[in-house]
$ cat final.cif   # mmCIF, C-alpha atoms
data_input
#
loop_
_atom_site.label_atom_id
_atom_site.label_comp_id
_atom_site.auth_asym_id
_atom_site.auth_seq_id
_atom_site.Cartn_x
_atom_site.Cartn_y
_atom_site.Cartn_z
CA MET A 207 -78.60 137.31 123.68
CA GLN A 208 -74.97 138.40 123.75
CA PHE A 209 -72.23 136.41 125.43
CA ASN A 210 -68.80 137.39 126.68
CA LYS A 211 -66.75 135.54 124.09
CA GLU A 212 -63.41 135.98 125.86
CA GLU A 213 -64.88 134.45 129.02
CA LEU A 214 -66.43 131.56 127.11
CA LEU A 215 -63.15 130.74 125.39
CA SER A 216 -61.27 130.93 128.67
CA LEU A 217 -63.72 128.56 130.35
CA TYR A 218 -63.59 126.18 127.41
CA GLU A 219 -59.79 126.07 127.50
CA GLN A 220 -60.06 124.94 131.13
CA GLU A 221 -63.03 122.54 130.89
CA GLN A 222 -62.86 121.30 127.27
CA ASN A 223 -66.56 120.53 127.64
CA LYS A 224 -69.15 122.83 126.07
CA SER A 225 -72.03 121.71 128.29
CA ALA A 226 -69.98 122.28 131.43
CA VAL A 227 -68.99 125.72 130.17
CA ALA A 228 -72.62 126.60 129.45
CA ARG A 229 -73.68 125.55 132.96
CA GLN A 230 -70.88 127.51 134.67
CA TYR A 231 -71.57 130.59 132.54
CA CYS A 232 -75.29 130.52 133.37
CA GLU A 233 -74.62 130.15 137.09
CA LYS A 234 -72.17 133.06 137.09
CA HIS A 235 -74.50 135.39 135.17
CA ASN A 236 -77.76 134.30 136.82
CA LEU A 237 -79.14 132.84 133.61
CA LYS A 238 -81.59 129.95 133.49
CA PHE A 239 -79.77 126.89 132.17
CA ASN A 240 -81.77 124.88 129.65
CA GLY A 241 -81.28 122.97 126.41
CA SER A 242 -81.78 126.02 124.25
CA ILE A 243 -79.14 128.20 125.91
CA ARG A 244 -76.76 125.22 126.07
CA LYS A 245 -77.05 124.81 122.27
CA ARG A 246 -76.45 128.51 121.69
CA ILE A 247 -73.40 128.66 123.92
CA SER A 248 -72.01 125.48 122.34
CA GLU A 249 -72.44 126.99 118.90
CA VAL A 250 -70.76 130.24 119.99
CA ILE A 251 -67.78 128.28 121.32
CA ARG A 252 -67.53 126.27 118.10
CA LEU A 253 -67.60 129.37 115.93
CA LEU A 254 -65.12 131.24 118.10
CA SER A 255 -62.78 128.25 117.96
CA ASP A 256 -63.13 128.12 114.17
CA GLU A 257 -62.34 131.83 113.93
CA ASN A 258 -59.19 131.42 116.00
CA GLU A 259 -58.08 128.47 113.90
CA THR A 260 -58.74 130.37 110.68
CA THR A 261 -56.80 133.39 111.95
CA SER A 262 -53.81 131.29 112.95
CA ASN A 263 -53.72 129.51 109.58
CA THR A 264 -54.20 132.42 107.18
CA ASN A 265 -52.22 132.46 103.94
CA SER A 266 -51.94 134.60 100.85
CA THR A 267 -54.60 132.80 98.79
CA SER A 268 -57.01 135.20 97.06
CA ASP A 269 -60.63 135.15 98.23
CA ASN A 270 -61.75 134.96 94.61
CA GLU A 271 -59.95 131.64 94.19
CA TYR A 272 -62.47 129.97 96.47
CA LYS A 273 -65.54 132.02 95.63
CA ASN A 274 -67.30 129.21 93.80
CA ASP A 275 -66.32 126.52 96.28
CA THR A 276 -67.59 128.13 99.47
CA PRO A 277 -71.24 127.34 100.23
CA PHE A 278 -73.37 130.37 100.95
CA VAL A 279 -75.56 130.45 104.04
CA LEU A 280 -77.32 133.40 105.64
CA SER A 281 -75.48 132.95 108.92
CA ALA A 282 -77.08 133.79 112.25
CA TRP A 283 -73.63 134.24 113.78
CA ASP A 284 -72.54 137.81 114.53
CA LYS A 285 -68.75 137.72 114.31
CA GLU A 286 -68.28 141.23 115.71
CA LYS A 287 -70.35 140.69 118.85
CA GLY A 288 -69.60 136.99 119.21
CA CYS A 289 -73.22 135.96 119.59
CA ILE A 290 -76.19 134.41 117.80
CA LEU A 291 -78.53 136.89 116.14
CA SER A 292 -82.11 136.96 117.31
CA ILE A 293 -84.70 136.27 114.62
CA GLU A 294 -85.52 139.99 114.45
CA GLU A 295 -81.83 140.93 114.12
CA TYR A 296 -81.38 138.19 111.52
CA CYS A 297 -84.22 139.55 109.37
CA LYS A 298 -82.95 143.10 109.70
CA LYS A 299 -79.43 142.08 108.64
CA TYR A 300 -80.60 140.26 105.51
CA ASN A 301 -83.49 142.58 104.66
CA LEU A 302 -86.12 139.90 105.26
CA PRO A 303 -89.70 140.92 106.19
CA TYR A 304 -89.80 140.12 109.92
CA LYS A 305 -93.45 141.20 110.28
CA ASP A 306 -94.51 138.65 107.64
CA ILE A 307 -92.99 135.60 109.34
CA SER A 308 -95.45 132.78 109.89
CA SER A 309 -93.07 130.55 111.87
CA PHE A 310 -89.34 129.96 112.34
CA LYS A 311 -86.88 127.49 113.84
CA PHE A 312 -83.28 128.00 114.90
CA LEU A 313 -80.88 125.60 113.13
CA PRO A 314 -77.57 125.41 114.99
CA HIS A 315 -76.01 122.57 112.95
CA HIS A 316 -78.11 122.10 109.78
CA TYR A 317 -75.77 124.22 107.62
CA SER A 318 -72.08 125.09 107.83
CA GLU A 319 -73.16 128.12 109.89
CA PRO A 320 -76.02 128.51 112.40
CA SER A 321 -79.11 129.80 110.63
CA TYR A 322 -82.89 130.03 110.77
CA ASN A 323 -85.57 128.07 108.95
CA ILE A 324 -88.26 130.67 108.18
CA VAL A 325 -91.74 130.26 106.74
CA PHE A 326 -93.34 133.44 105.45
CA LYS A 327 -97.04 134.16 105.15
CA GLU A 328 -98.45 132.97 101.85
CA ASN A 329 -99.67 136.39 100.75
CA LEU A 330 -96.20 137.88 100.92
CA VAL A 331 -94.86 139.59 97.80
CA GLU A 332 -91.08 139.78 97.58
CA ASP A 333 -90.65 143.28 96.35
CA ASP A 334 -92.50 146.08 94.66
CA VAL A 335 -90.13 145.78 91.72
CA ASP A 336 -89.82 148.82 89.51
CA VAL A 337 -89.19 147.11 86.18
CA GLU A 338 -88.53 150.36 84.36
CA ASN A 339 -85.90 151.28 86.94
CA VAL A 340 -84.21 147.87 86.48
CA LYS A 341 -84.26 148.43 82.72
CA GLU A 342 -82.66 151.84 83.17
CA ILE A 343 -79.89 150.27 85.26
CA LEU A 344 -79.33 147.54 82.68
CA GLN A 345 -79.30 150.03 79.83
CA ASN A 346 -76.49 151.93 81.53
CA ILE A 347 -74.30 148.85 81.93
CA ILE A 348 -75.17 146.72 78.88
CA ASN A 349 -73.84 147.76 75.49
CA GLU A 350 -74.28 146.34 72.02
CA THR A 351 -71.20 144.14 72.15
CA TYR A 352 -72.37 141.02 70.30
CA GLU A 353 -70.47 140.37 67.09
CA PRO A 354 -71.77 137.42 65.02
CA LYS A 355 -69.30 134.55 64.75
CA GLU A 356 -69.47 133.09 61.27
CA ASP A 357 -68.31 129.67 60.11
CA LEU A 358 -67.66 129.43 56.39
CA SER A 359 -68.27 125.65 56.26
CA TYR A 360 -72.05 125.97 56.08
CA GLY A 361 -74.25 122.88 55.98
CA GLU A 362 -77.64 122.56 54.35
CA LYS A 363 -79.76 122.37 57.49
CA ASP A 364 -80.40 124.60 60.49
CA GLY A 365 -79.78 123.24 63.98
CA VAL A 366 -81.53 123.90 67.30
CA LEU A 367 -79.82 123.79 70.72
CA LYS A 368 -82.16 123.45 73.70
CA TRP A 369 -81.27 124.65 77.20
CA ALA A 370 -83.59 124.23 80.19
CA ASP A 371 -83.60 124.92 83.92
CA LEU A 372 -80.39 126.94 84.18
CA HIS A 373 -81.19 128.22 87.71
CA PHE A 374 -78.40 130.79 87.54
CA GLY A 375 -77.52 131.91 91.06
CA ALA A 376 -78.14 128.53 92.72
CA PHE A 377 -75.34 127.09 94.85
CA ILE A 378 -75.40 123.40 95.78
CA LYS A 379 -72.48 121.65 97.46
CA GLY A 380 -71.83 118.50 99.43
CA LEU A 381 -75.12 116.61 99.03
CA LEU A 382 -74.98 112.83 98.97
CA LYS A 383 -76.32 112.14 95.47
CA THR A 384 -77.03 115.50 93.87
CA ARG A 385 -74.10 116.93 91.96
CA ASP A 386 -72.56 120.24 93.03
CA PHE A 387 -73.83 123.29 91.20
CA ASN A 388 -72.79 126.93 90.95
CA PRO A 389 -72.40 129.59 88.21
CA SER A 390 -69.00 128.23 87.18
CA ILE A 391 -70.38 124.72 86.71
CA LEU A 392 -73.31 126.13 84.75
CA LYS A 393 -70.95 128.12 82.52
CA LYS A 394 -68.82 125.02 81.86
CA GLY A 395 -71.93 123.06 80.84
CA LEU A 396 -73.20 125.79 78.53
CA LEU A 397 -69.81 126.10 76.83
CA GLU A 398 -69.61 122.32 76.40
CA SER A 399 -72.99 122.36 74.66
CA VAL A 400 -71.81 125.21 72.39
CA SER A 401 -68.70 123.24 71.46
CA ASP A 402 -70.82 120.22 70.48
CA PHE A 403 -73.24 122.47 68.60
CA ASN A 404 -70.44 124.08 66.59
CA SER A 405 -69.00 120.69 65.67
CA LEU A 406 -72.04 119.91 63.53
CA PRO A 407 -72.24 121.50 60.05
CA PHE A 408 -75.35 123.66 60.31
CA LYS A 409 -76.21 126.54 58.04
CA ASN A 410 -77.70 128.50 60.96
CA ARG A 411 -77.85 127.69 64.63
CA HIS A 412 -80.78 128.62 66.88
CA VAL A 413 -81.04 128.42 70.68
CA HIS A 414 -84.19 127.68 72.68
CA ILE A 415 -84.02 128.51 76.41
CA GLN A 416 -87.02 126.99 78.17
CA GLY A 417 -87.45 128.59 81.54
CA ASP A 418 -85.98 128.92 85.03
CA LEU A 419 -83.09 131.03 83.80
CA ILE A 420 -82.40 132.18 87.38
CA GLU A 421 -82.82 130.54 90.77
CA SER A 422 -84.68 133.47 92.30
CA PHE A 423 -84.91 137.23 91.94
CA SER A 424 -84.61 137.92 95.67
CA GLY A 425 -84.42 134.52 97.32
CA LEU A 426 -88.04 134.10 98.45
CA ASN A 427 -89.61 132.22 95.53
CA HIS A 428 -89.59 129.08 97.64
CA ILE A 429 -89.23 128.53 101.37
CA ASN A 430 -85.55 128.92 102.31
CA SER A 431 -84.45 129.15 98.68
CA TRP A 432 -81.78 131.67 99.76
CA GLN A 433 -80.01 128.85 101.60
CA SER A 434 -78.89 127.43 98.24
CA MET A 435 -78.08 130.74 96.57
CA ASP A 436 -74.94 132.74 96.00
CA LYS A 437 -75.43 135.89 98.09
CA ASP A 438 -73.97 138.06 95.33
CA LEU A 439 -76.50 136.86 92.76
CA ILE A 440 -79.78 138.07 94.22
CA GLY A 441 -81.99 140.83 92.83
CA ALA A 442 -81.13 142.96 89.82
CA THR A 443 -77.57 141.63 89.99
CA ALA A 444 -78.92 138.19 89.05
CA ILE A 445 -80.39 139.68 85.88
CA LYS A 446 -77.17 141.47 84.94
CA MET A 447 -74.90 138.50 85.64
CA CYS A 448 -77.20 136.02 83.89
CA VAL A 449 -77.18 138.22 80.78
CA LYS A 450 -73.39 138.30 80.96
CA LEU A 451 -73.13 134.51 81.31
CA LEU A 452 -75.52 133.84 78.42
CA HIS A 453 -73.56 136.31 76.30
CA GLU A 454 -70.34 134.43 77.03
CA ALA A 455 -71.91 131.22 75.68
CA LEU A 456 -74.08 132.59 72.86
CA SER A 457 -71.30 134.76 71.43
CA LYS A 458 -69.25 131.63 70.71
CA ILE A 459 -71.92 129.98 68.55
CA ASP A 460 -71.13 129.93 64.82
CA ASN A 461 -73.82 131.34 62.50
CA LEU A 462 -76.16 132.11 65.37
CA GLY A 463 -79.68 132.71 64.13
CA CYS A 464 -82.31 133.50 66.76
CA VAL A 465 -82.73 132.96 70.50
CA LYS A 466 -86.17 131.93 71.78
CA ILE A 467 -86.86 132.31 75.52
CA THR A 468 -89.84 131.11 77.55
CA ALA A 469 -90.22 131.86 81.26
CA GLY A 470 -90.33 129.42 84.15
CA ASN A 471 -91.77 129.56 87.65
CA HIS A 472 -88.39 130.60 89.11
CA ASP A 473 -88.26 133.58 86.76
CA ARG A 474 -90.99 135.55 88.47
CA LEU A 475 -90.28 138.79 90.29
CA SER A 476 -92.66 138.01 93.18
CA LYS A 477 -92.93 135.20 95.70
CA ASN A 478 -96.46 134.23 94.75
CA ASN A 479 -97.25 132.75 91.35
CA ASP A 480 -100.46 134.79 91.31
CA GLU A 481 -98.51 138.04 91.52
CA ASP A 482 -96.25 137.43 88.50
CA VAL A 483 -97.35 134.82 85.99
CA LYS A 484 -95.35 136.34 83.14
CA GLY A 485 -91.81 135.56 84.31
CA GLY A 486 -90.63 139.15 84.61
CA ALA A 487 -87.00 138.19 85.34
CA ALA A 488 -86.72 136.10 82.15
CA GLU A 489 -88.27 138.95 80.17
CA LEU A 490 -85.65 141.35 81.55
CA ILE A 491 -82.88 138.91 80.63
CA ALA A 492 -84.27 138.62 77.09
CA TRP A 493 -84.44 142.41 76.91
CA GLY A 494 -80.82 142.66 78.07
CA LEU A 495 -79.69 140.25 75.36
CA GLU A 496 -81.54 142.35 72.80
CA LEU A 497 -79.59 145.38 74.01
CA MET A 498 -76.41 143.46 73.24
CA GLY A 499 -77.53 142.84 69.66
CA TYR A 500 -79.03 139.34 69.74
CA ASN A 501 -82.14 138.37 67.76
CA VAL A 502 -84.35 137.41 70.72
CA GLU A 503 -88.01 136.48 71.05
CA PHE A 504 -89.63 136.11 74.49
CA HIS A 505 -92.96 134.72 75.62
CA SER A 506 -94.14 133.99 79.13
CA TYR A 507 -95.40 130.46 78.49
CA VAL A 508 -95.19 129.24 74.85
CA ILE A 509 -93.11 129.92 71.75
CA THR A 510 -93.43 128.18 68.39
CA HIS A 511 -90.55 128.17 65.93
CA GLU A 512 -90.56 126.40 62.57
CA VAL A 513 -87.16 125.22 61.36
CA ASP A 514 -86.76 123.15 58.18
CA GLY A 515 -90.31 121.78 58.32
CA ILE A 516 -90.31 121.00 62.05
CA ASN A 517 -92.55 123.18 64.22
CA TYR A 518 -91.01 123.40 67.69
CA ILE A 519 -93.50 124.15 70.48
CA ASN A 520 -91.52 125.32 73.51
CA LEU A 521 -93.02 125.22 77.02
CA HIS A 522 -91.49 125.37 80.47
CA GLY A 523 -93.94 122.89 81.93
CA ASP A 524 -95.30 124.72 84.98
CA LYS A 525 -98.34 126.34 83.36
CA LYS A 526 -101.79 124.84 82.88
CA ILE A 527 -101.11 124.36 79.19
CA SER A 528 -98.82 121.43 80.06
CA SER A 529 -101.73 119.51 81.59
CA LYS A 530 -103.34 119.32 78.14
CA THR A 531 -102.90 116.36 75.82
CA SER A 532 -100.34 116.58 73.07
CA GLU A 533 -103.10 116.69 70.48
CA GLU A 534 -104.75 119.65 72.24
CA ILE A 535 -101.46 121.56 72.37
CA VAL A 536 -100.83 120.93 68.68
CA SER A 537 -104.39 121.96 67.85
CA GLU A 538 -103.91 125.31 69.60
CA TYR A 539 -100.23 126.08 68.94
CA GLY A 540 -99.06 123.65 66.27
CA LYS A 541 -98.83 123.93 62.49
CA HIS A 542 -100.91 121.80 60.18
CA GLY A 543 -98.84 119.70 57.82
CA ALA A 544 -95.59 120.17 59.75
CA TYR A 545 -93.99 117.79 62.22
CA ASN A 546 -94.81 119.26 65.65
CA PHE A 547 -92.16 118.79 68.33
CA ILE A 548 -93.30 119.65 71.88
CA SER A 549 -90.62 120.03 74.54
CA GLU A 550 -90.98 120.88 78.24
CA ALA A 551 -88.73 121.24 81.28
CA HIS A 552 -89.55 121.95 84.96
CA LEU A 553 -90.22 118.44 86.29
CA HIS A 554 -87.28 118.39 88.68
CA THR A 555 -88.86 121.38 90.45
CA ALA A 556 -92.48 120.33 90.01
CA ILE A 557 -91.75 117.06 91.80
CA GLU A 558 -90.95 119.02 94.94
CA LYS A 559 -94.56 120.25 95.09
CA LEU A 560 -96.25 116.84 94.75
CA THR A 561 -97.79 115.10 97.75
CA ALA A 562 -96.62 111.61 98.68
CA LYS A 563 -99.74 110.14 97.07
CA GLN A 564 -99.21 112.13 93.89
CA ARG A 565 -95.57 111.09 93.66
CA THR A 566 -96.52 107.40 93.57
CA LYS A 567 -98.62 108.09 90.46
CA PHE A 568 -96.11 110.42 88.80
CA LYS A 569 -94.85 109.55 85.33
CA THR A 570 -92.91 111.43 82.69
CA ILE A 571 -94.85 112.26 79.55
CA ILE A 572 -93.22 110.88 76.42
CA ASP A 573 -95.35 111.01 73.29
CA ASP A 574 -94.04 109.88 69.90
CA LYS A 575 -96.45 109.61 66.99
CA LEU A 576 -96.38 109.84 63.22
CA LYS A 577 -96.29 113.66 63.05
CA LEU A 578 -95.77 114.50 66.72
CA ARG A 579 -93.24 114.08 69.49
CA ARG A 580 -93.36 115.33 73.08
CA ILE A 581 -90.37 115.11 75.39
CA VAL A 582 -89.05 116.40 78.71
CA LEU A 583 -85.67 118.15 78.51
CA LYS A 584 -82.71 117.49 80.78
CA PRO A 585 -81.96 120.37 83.19
CA PHE A 586 -78.62 122.03 83.84
CA PHE A 587 -79.58 122.34 87.53
CA THR A 588 -80.00 118.84 88.92
CA GLY A 589 -81.65 119.47 92.27
CA ASN A 590 -81.21 120.60 95.86
CA TYR A 591 -81.43 119.28 99.39
CA TYR A 592 -85.22 119.04 99.35
CA SER A 593 -85.50 117.13 96.07
CA GLU A 594 -82.79 114.74 97.25
CA THR A 595 -84.67 113.97 100.47
CA LEU A 596 -87.63 112.97 98.28
CA GLY A 597 -85.41 110.53 96.42
CA TYR A 598 -85.21 112.44 93.14
CA THR A 599 -81.92 113.02 91.37
CA SER A 600 -81.18 113.84 87.74
CA ASN A 601 -78.35 114.15 85.25
CA ALA A 602 -77.63 117.51 83.66
CA GLY A 603 -77.74 117.85 79.91
CA TYR A 604 -79.01 119.47 76.73
CA CYS A 605 -80.18 118.38 73.29
CA ILE A 606 -79.45 119.33 69.70
CA LEU A 607 -82.08 118.84 67.00
CA TRP A 608 -82.33 119.17 63.25
CA SER A 609 -84.48 117.89 60.39
CA ASN A 610 -83.52 114.91 58.25
CA ASN A 611 -84.23 114.72 54.53
CA HIS A 612 -87.78 113.55 55.24
CA GLY A 613 -88.79 116.42 57.52
CA LEU A 614 -88.47 114.28 60.66
CA PRO A 615 -86.39 115.20 63.72
CA LYS A 616 -82.90 113.91 64.41
CA MET A 617 -81.75 114.48 67.99
CA LEU A 618 -78.64 114.28 70.12
CA ASP A 619 -79.64 114.00 73.80
CA ASN A 620 -76.39 114.77 75.59
CA THR A 621 -75.57 114.30 79.26
CA ILE A 622 -72.89 116.37 80.99
#

$ encode --input "final.cif" --output "structure tokens"
Amino acid sequence: MQFNKEELLSLYEQEQNKSAVARQYCEKHNLKFNGSIRKRISEVIRLLSDENETTSNTNSTSDNEYKNDTPFVLSAWDKEKGCILSIEEYCKKYNLPYKDISSFKFLPHHYSEPSYNIVFKENLVEDDVDVENVKEILQNIINETYEPKEDLSYGEKDGVLKWADLHFGAFIKGLLKTRDFNPSILKKGLLESVSDFNSLPFKNRHVHIQGDLIESFSGLNHINSWQSMDKDLIGATAIKMCVKLLHEALSKIDNLGCVKITAGNHDRLSKNNDEDVKGGAAELIAWGLELMGYNVEFHSYVITHEVDGINYINLHGDKKISSKTSEEIVSEYGKHGAYNFISEAHLHTAIEKLTAKQRTKFKTIIDDKLKLRRIVLKPFFTGNYYSETLGYTSNAGYCILWSNNHGLPKMLDNTI
């Protein structure tokens, strides 16, 4: 429904009461006055007032200066027409599959802009993604630009830096307990970990990235996941920009050896886990880094890497393999005679899927035995609105590992 915005503003200047304006407007235009139309008119007045205030207080500050501090919401407000978009118009504007909507609810005040809460049918697939076409695009814009950075003060041991749950493209701001998060904050954390890594005298330095490299390929991996995403980091752009960000961090590591990448549940190209269990987005990111010249190995759910007598078993934590005991995992993927170090991530997202009954029984797996250790890694992305409402918050961080003189792990578990 479209409203005459000039008339609404004129009435509001006289009445200074949104409800009174809504009632007068409905009477004049033979519209049925009810709670729903009152909310819509009130929201239109608020937005029009904000626009006027913004226009009268403009300055010369660059838009880019605030890019990372402005929360992104798929707004249902049409600035040109001065009205709230219908659900069909909203879907058309943001290229959302209107015909696959299961249910929706108008949210006039839940976000900084009016929006819609949409639930899509469970059998929906985000996109028929042409992976070869994405690769062709990446190949045209990614060049072999990586130049190894060598440090002459070599140590005797190799070191391992572990990153988990990067969720590149997520945008979180203004929650009560969960820390703000955006690509700039992620970049700062990655560079801090690189600085700490370089401060230790390792002969070679390896990086393990354990899943959820991006928040979502097109914003539909989880219900309303686009509401916490940067609108410019959806789709193939997310792949390109994530490769660029990782390059900025990895290129600064002294004596970089290899990069091992496992996929997470957020790295799929489809909405449904059944449609893409291989983490196609993470595989594309790994492929992009290879184009740049990095020594990269990718696997969809498990990678083993032996370094100085320690056999690292890298999982994301969302696959069925993580439900197995530590002994079973070592039996299938470990190395006999070596110290097997199992690490997982994911729990801050897995918690969101647990029922209330399951949450009361939830516990973190920590297993430390004579020749085995199993830990859960800190994430870079600490949560969103939904996880906070469940009472779960987390610190961001990373860990650095190496072998001591007895073939046992030494670890720095750093919080940022």

$ closest_residue --input "final.cif" --among "A:Lys224, A:His505, A:His373, A:Lys234" --to "Ala444 (chain A)" --atoms "only C-alpha atoms"
A:His373

$ closest_residue --input "final.cif" --among "A:Asp306, A:Leu614, A:Phe377, A:His552" --to "Lys575 (chain A)" --atoms "only C-alpha atoms"
A:Leu614

$ resolve_selection --input "final.cif" --expression "the PyMOL selection byres ((chain A and resi 364) around 12)" --output "count of residues only"
34

$ residues_around --input "final.cif" --residues "region 487-501 of chain A" --least-positions-apart "6" --cutoff "10 Å" --atoms "only C-alpha atoms" --output "PDB file with C-alpha atoms, in the frame of the given file"
ATOM      1  CA  VAL A 337     -89.190 147.110  86.180  1.00  0.00           C
ATOM      2  CA  GLU A 338     -88.530 150.360  84.360  1.00  0.00           C
ATOM      3  CA  VAL A 340     -84.210 147.870  86.480  1.00  0.00           C
ATOM      4  CA  LYS A 341     -84.260 148.430  82.720  1.00  0.00           C
ATOM      5  CA  LEU A 344     -79.330 147.540  82.680  1.00  0.00           C
ATOM      6  CA  GLN A 345     -79.300 150.030  79.830  1.00  0.00           C
ATOM      7  CA  ILE A 347     -74.300 148.850  81.930  1.00  0.00           C
ATOM      8  CA  ILE A 348     -75.170 146.720  78.880  1.00  0.00           C
ATOM      9  CA  ASN A 349     -73.840 147.760  75.490  1.00  0.00           C
ATOM     10  CA  GLU A 350     -74.280 146.340  72.020  1.00  0.00           C
ATOM     11  CA  THR A 351     -71.200 144.140  72.150  1.00  0.00           C
ATOM     12  CA  TYR A 352     -72.370 141.020  70.300  1.00  0.00           C
ATOM     13  CA  GLU A 353     -70.470 140.370  67.090  1.00  0.00           C
ATOM     14  CA  PRO A 354     -71.770 137.420  65.020  1.00  0.00           C
ATOM     15  CA  HIS A 412     -80.780 128.620  66.880  1.00  0.00           C
ATOM     16  CA  ILE A 415     -84.020 128.510  76.410  1.00  0.00           C
ATOM     17  CA  GLN A 416     -87.020 126.990  78.170  1.00  0.00           C
ATOM     18  CA  GLY A 417     -87.450 128.590  81.540  1.00  0.00           C
ATOM     19  CA  ASP A 418     -85.980 128.920  85.030  1.00  0.00           C
ATOM     20  CA  LEU A 419     -83.090 131.030  83.800  1.00  0.00           C
ATOM     21  CA  ILE A 420     -82.400 132.180  87.380  1.00  0.00           C
ATOM     22  CA  SER A 422     -84.680 133.470  92.300  1.00  0.00           C
ATOM     23  CA  PHE A 423     -84.910 137.230  91.940  1.00  0.00           C
ATOM     24  CA  GLY A 441     -81.990 140.830  92.830  1.00  0.00           C
ATOM     25  CA  ALA A 442     -81.130 142.960  89.820  1.00  0.00           C
ATOM     26  CA  ALA A 444     -78.920 138.190  89.050  1.00  0.00           C
ATOM     27  CA  ILE A 445     -80.390 139.680  85.880  1.00  0.00           C
ATOM     28  CA  LYS A 446     -77.170 141.470  84.940  1.00  0.00           C
ATOM     29  CA  MET A 447     -74.900 138.500  85.640  1.00  0.00           C
ATOM     30  CA  CYS A 448     -77.200 136.020  83.890  1.00  0.00           C
ATOM     31  CA  VAL A 449     -77.180 138.220  80.780  1.00  0.00           C
ATOM     32  CA  LYS A 450     -73.390 138.300  80.960  1.00  0.00           C
ATOM     33  CA  LEU A 452     -75.520 133.840  78.420  1.00  0.00           C
ATOM     34  CA  HIS A 453     -73.560 136.310  76.300  1.00  0.00           C
ATOM     35  CA  LEU A 456     -74.080 132.590  72.860  1.00  0.00           C
ATOM     36  CA  SER A 457     -71.300 134.760  71.430  1.00  0.00           C
ATOM     37  CA  LEU A 462     -76.160 132.110  65.370  1.00  0.00           C
ATOM     38  CA  GLY A 463     -79.680 132.710  64.130  1.00  0.00           C
ATOM     39  CA  CYS A 464     -82.310 133.500  66.760  1.00  0.00           C
ATOM     40  CA  VAL A 465     -82.730 132.960  70.500  1.00  0.00           C
ATOM     41  CA  LYS A 466     -86.170 131.930  71.780  1.00  0.00           C
ATOM     42  CA  ILE A 467     -86.860 132.310  75.520  1.00  0.00           C
ATOM     43  CA  THR A 468     -89.840 131.110  77.550  1.00  0.00           C
ATOM     44  CA  ALA A 469     -90.220 131.860  81.260  1.00  0.00           C
ATOM     45  CA  GLY A 470     -90.330 129.420  84.150  1.00  0.00           C
ATOM     46  CA  ASN A 471     -91.770 129.560  87.650  1.00  0.00           C
ATOM     47  CA  HIS A 472     -88.390 130.600  89.110  1.00  0.00           C
ATOM     48  CA  ASP A 473     -88.260 133.580  86.760  1.00  0.00           C
ATOM     49  CA  ARG A 474     -90.990 135.550  88.470  1.00  0.00           C
ATOM     50  CA  LEU A 475     -90.280 138.790  90.290  1.00  0.00           C
ATOM     51  CA  SER A 476     -92.660 138.010  93.180  1.00  0.00           C
TER      52      SER A 476
END

$ resolve_selection --input "final.cif" --expression "the PyMOL selection byres ((chain A and resi 576) around 10)" --output "PyMOL selection string"
chain A and resi 545-546+574-575+577-579+614

$ atom_distance --input "final.cif" --atom1 "CA of Thr531 (chain A)" --atom2 "CA of Gly543 (chain A)"
18.8 Å

$ atom_distance --input "final.cif" --atom1 "CA of Ala544 (chain A)" --atom2 "CA of Gly613 (chain A)"
8.1 Å

$ closest_residue --input "final.cif" --among "A:Ala370, A:Leu451, A:Ala226, A:Ile459" --to "Ser401 (chain A)" --atoms "all atoms listed in the file"
A:Ile459

$ resolve_selection --input "final.cif" --expression "the PyMOL selection byres ((chain A and resi 244-255) around 12)" --output "PyMOL selection string"
chain A and resi 207-219+222-232+237-243+256-262+281-292+312-316+318-321

$ atom_distance --input "final.cif" --atom1 "CA of Asn620 (chain A)" --atom2 "CA of Asp402 (chain A)"
9.3 Å

$ closest_residue --input "final.cif" --among "A:Leu372, A:Leu381, A:Ile622, A:Leu397" --to "Ala551 (chain A)" --atoms "only C-alpha atoms"
A:Leu372

$ residues_around --input "final.cif" --residues "Lys584 (chain A)" --least-positions-apart "6" --cutoff "6 Å" --atoms "only C-alpha atoms" --output "PyMOL selection string"
chain A and resi 602-604

$ build_atoms --input "final.cif" --residues "region 453-459 of chain A" --atoms "N, CA and C atoms" --output "PDB file, in the frame of the given file"
ATOM      1  N   HIS A 453     -74.338 135.678  77.362  1.00  0.00           N
ATOM      2  CA  HIS A 453     -73.560 136.310  76.300  1.00  0.00           C
ATOM      3  C   HIS A 453     -72.247 135.569  76.070  1.00  0.00           C
ATOM      4  N   GLU A 454     -71.598 135.149  77.161  1.00  0.00           N
ATOM      5  CA  GLU A 454     -70.340 134.430  77.030  1.00  0.00           C
ATOM      6  C   GLU A 454     -70.513 133.147  76.233  1.00  0.00           C
ATOM      7  N   ALA A 455     -71.663 132.477  76.404  1.00  0.00           N
ATOM      8  CA  ALA A 455     -71.910 131.220  75.680  1.00  0.00           C
ATOM      9  C   ALA A 455     -72.441 131.485  74.277  1.00  0.00           C
ATOM     10  N   LEU A 456     -73.448 132.350  74.163  1.00  0.00           N
ATOM     11  CA  LEU A 456     -74.080 132.590  72.860  1.00  0.00           C
ATOM     12  C   LEU A 456     -73.114 133.209  71.859  1.00  0.00           C
ATOM     13  N   SER A 457     -72.219 134.067  72.332  1.00  0.00           N
ATOM     14  CA  SER A 457     -71.300 134.760  71.430  1.00  0.00           C
ATOM     15  C   SER A 457     -70.316 133.813  70.759  1.00  0.00           C
ATOM     16  N   LYS A 458     -70.187 132.597  71.268  1.00  0.00           N
ATOM     17  CA  LYS A 458     -69.250 131.630  70.710  1.00  0.00           C
ATOM     18  C   LYS A 458     -69.910 130.690  69.703  1.00  0.00           C
ATOM     19  N   ILE A 459     -71.204 130.853  69.479  1.00  0.00           N
ATOM     20  CA  ILE A 459     -71.920 129.980  68.550  1.00  0.00           C
ATOM     21  C   ILE A 459     -71.734 130.473  67.112  1.00  0.00           C
TER      22      ILE A 459
END
